[in-house]
file protein-v7.cif (mmCIF, C-alpha atoms)
data_data
#
loop_
_atom_site.label_atom_id
_atom_site.label_comp_id
_atom_site.auth_asym_id
_atom_site.auth_seq_id
_atom_site.Cartn_x
_atom_site.Cartn_y
_atom_site.Cartn_z
CA MET Y 30 0.00 0.00 0.00
CA PRO Y 31 1.49 3.39 -0.95
CA VAL Y 32 2.30 5.86 1.78
CA ASP Y 33 1.29 9.48 1.25
CA ILE Y 34 4.41 11.60 1.45
CA ILE Y 35 3.77 15.21 2.35
CA ARG Y 36 5.75 18.21 1.19
CA LEU Y 37 6.96 19.91 4.33
CA PRO Y 38 7.14 23.68 4.71
CA ASP Y 39 10.66 25.05 5.01
CA GLN Y 40 10.21 26.29 8.57
CA LEU Y 41 8.93 22.98 9.95
CA GLY Y 42 12.37 21.48 10.52
CA THR Y 43 13.47 24.54 12.49
CA MET Y 44 10.34 24.33 14.65
CA LEU Y 45 10.82 20.61 15.29
CA ARG Y 46 14.48 21.09 16.26
CA ALA Y 47 13.61 23.96 18.62
CA ALA Y 48 10.87 21.91 20.30
CA ARG Y 49 13.20 18.91 20.68
CA VAL Y 50 15.98 21.01 22.20
CA GLN Y 51 13.52 22.78 24.53
CA LYS Y 52 12.41 19.37 25.84
CA GLY Y 53 16.05 18.41 26.43
CA LEU Y 54 15.94 15.52 23.94
CA THR Y 55 18.71 14.48 21.59
CA GLN Y 56 18.13 13.42 18.02
CA ALA Y 57 19.01 9.88 19.13
CA ASP Y 58 16.31 10.00 21.85
CA VAL Y 59 13.62 11.10 19.42
CA ALA Y 60 14.73 8.78 16.61
CA ARG Y 61 14.66 5.80 18.97
CA GLN Y 62 11.16 6.64 20.20
CA LEU Y 63 9.88 7.03 16.63
CA GLY Y 64 11.70 4.02 15.25
CA VAL Y 65 13.64 5.98 12.61
CA SER Y 66 17.31 6.61 12.05
CA VAL Y 67 19.11 9.63 13.48
CA GLN Y 68 20.05 10.52 9.90
CA ALA Y 69 16.38 10.62 8.84
CA LEU Y 70 15.49 12.87 11.76
CA SER Y 71 18.49 15.10 11.05
CA LYS Y 72 17.39 15.49 7.42
CA LEU Y 73 13.88 16.40 8.52
CA GLU Y 74 15.18 18.98 10.99
CA SER Y 75 17.40 20.51 8.32
CA ASN Y 76 14.42 20.71 5.92
CA ALA Y 77 16.04 18.19 3.57
CA GLY Y 78 13.88 15.19 4.42
CA ARG Y 79 10.38 14.04 3.62
CA ALA Y 80 7.99 12.19 5.88
CA SER Y 81 4.59 10.61 5.92
CA PHE Y 82 1.84 12.53 7.66
CA ASP Y 83 1.66 9.78 10.29
CA ARG Y 84 5.34 10.19 11.17
CA VAL Y 85 5.06 13.97 11.37
CA HIS Y 86 1.97 13.59 13.55
CA ARG Y 87 3.75 11.15 15.88
CA LEU Y 88 6.74 13.49 16.08
CA CYS Y 89 4.47 16.42 16.98
CA LEU Y 90 2.79 14.36 19.70
CA LEU Y 91 6.17 13.38 21.12
CA LEU Y 92 7.35 17.00 21.16
CA GLY Y 93 4.07 18.43 22.43
CA LEU Y 94 3.35 20.41 19.27
CA ASP Y 95 -0.18 21.02 17.97
CA ILE Y 96 -0.08 19.86 14.35
CA ALA Y 97 -2.88 22.29 13.47
CA LEU Y 98 -0.58 25.18 14.33
CA LEU Y 99 2.33 24.05 12.15
CA PRO Y 100 3.24 26.13 9.11
CA LYS Y 101 1.52 24.98 5.94
CA ALA Y 102 3.16 24.21 2.61
CA ASP Y 103 1.65 25.63 -0.57
CA ASP Y 104 1.14 22.11 -1.89
CA ALA Y 105 0.68 20.01 1.23
CA ARG Y 106 0.35 16.67 -0.55
CA SER Y 107 2.66 15.27 -3.13
CA THR Y 108 1.75 12.68 -5.71
CA ASP Y 109 5.04 10.93 -4.93
CA THR Y 110 4.07 7.77 -3.08
CA ARG Y 111 7.49 6.14 -2.88
CA ARG Y 112 8.39 4.94 0.56
CA SER Y 113 11.09 7.05 2.08
CA GLU Y 114 13.35 6.25 5.01
CA TRP Y 115 10.69 7.97 7.08
#

call {"tool": "encode", "arguments": {"input": "protein-v7.cif", "output": "structure tokens"}}
result
Amino acid sequence: MPVDIIRLPDQLGTMLRAARVQKGLTQADVARQLGVSVQALSKLESNAGRASFDRVHRLCLLLGLDIALLPKADDARSTDTRRSEW
């Protein structure tokens, strides 16, 4: 079954990193809890990665962020359904 990959707004990675640091978590802590690699999380935080909506939602829950308040991308859904590392 294809996974919907969302196009993330440029400022999302910065927000996620700031929330993680504010909670005193390392990338390794968060990656372990989400079941992803540190490299995948690092790419996401540097706005170079892509993720499924489910993974972004789980990350927001972990960091205490309200997903409804996140910045929105112009084209929130991509037609690219390839599975990514995320």

call {"tool": "resolve_selection", "arguments": {"input": "protein-v7.cif", "expression": "the PyMOL selection byres ((chain Y and resi 65) around 12)", "output": "ChimeraX atom specification"}}
result
/Y:56-64,66-73,80,84-85,87-88,113-115

call {"tool": "atom_distance", "arguments": {"input": "protein-v7.cif", "atom1": "atom CA of Ser81 of chain Y", "atom2": "atom CA of Leu54 of chain Y"}}
result
21.9 Å

call {"tool": "atom_distance", "arguments": {"input": "protein-v7.cif", "atom1": "atom CA of Leu45 of chain Y", "atom2": "atom CA of Ala77 of chain Y"}}
result
13.1 Å

call {"tool": "atom_distance", "arguments": {"input": "protein-v7.cif", "atom1": "atom CA of Gly93 of chain Y", "atom2": "atom CA of Ala48 of chain Y"}}
result
7.9 Å

call {"tool": "residues_around", "arguments": {"input": "protein-v7.cif", "residues": "Glu74 of chain Y", "least_positions_apart": "5", "cutoff": "7 Å", "atoms": "all atoms listed in the file", "output": "ChimeraX atom specification"}}
result
/Y:42-43,45-46
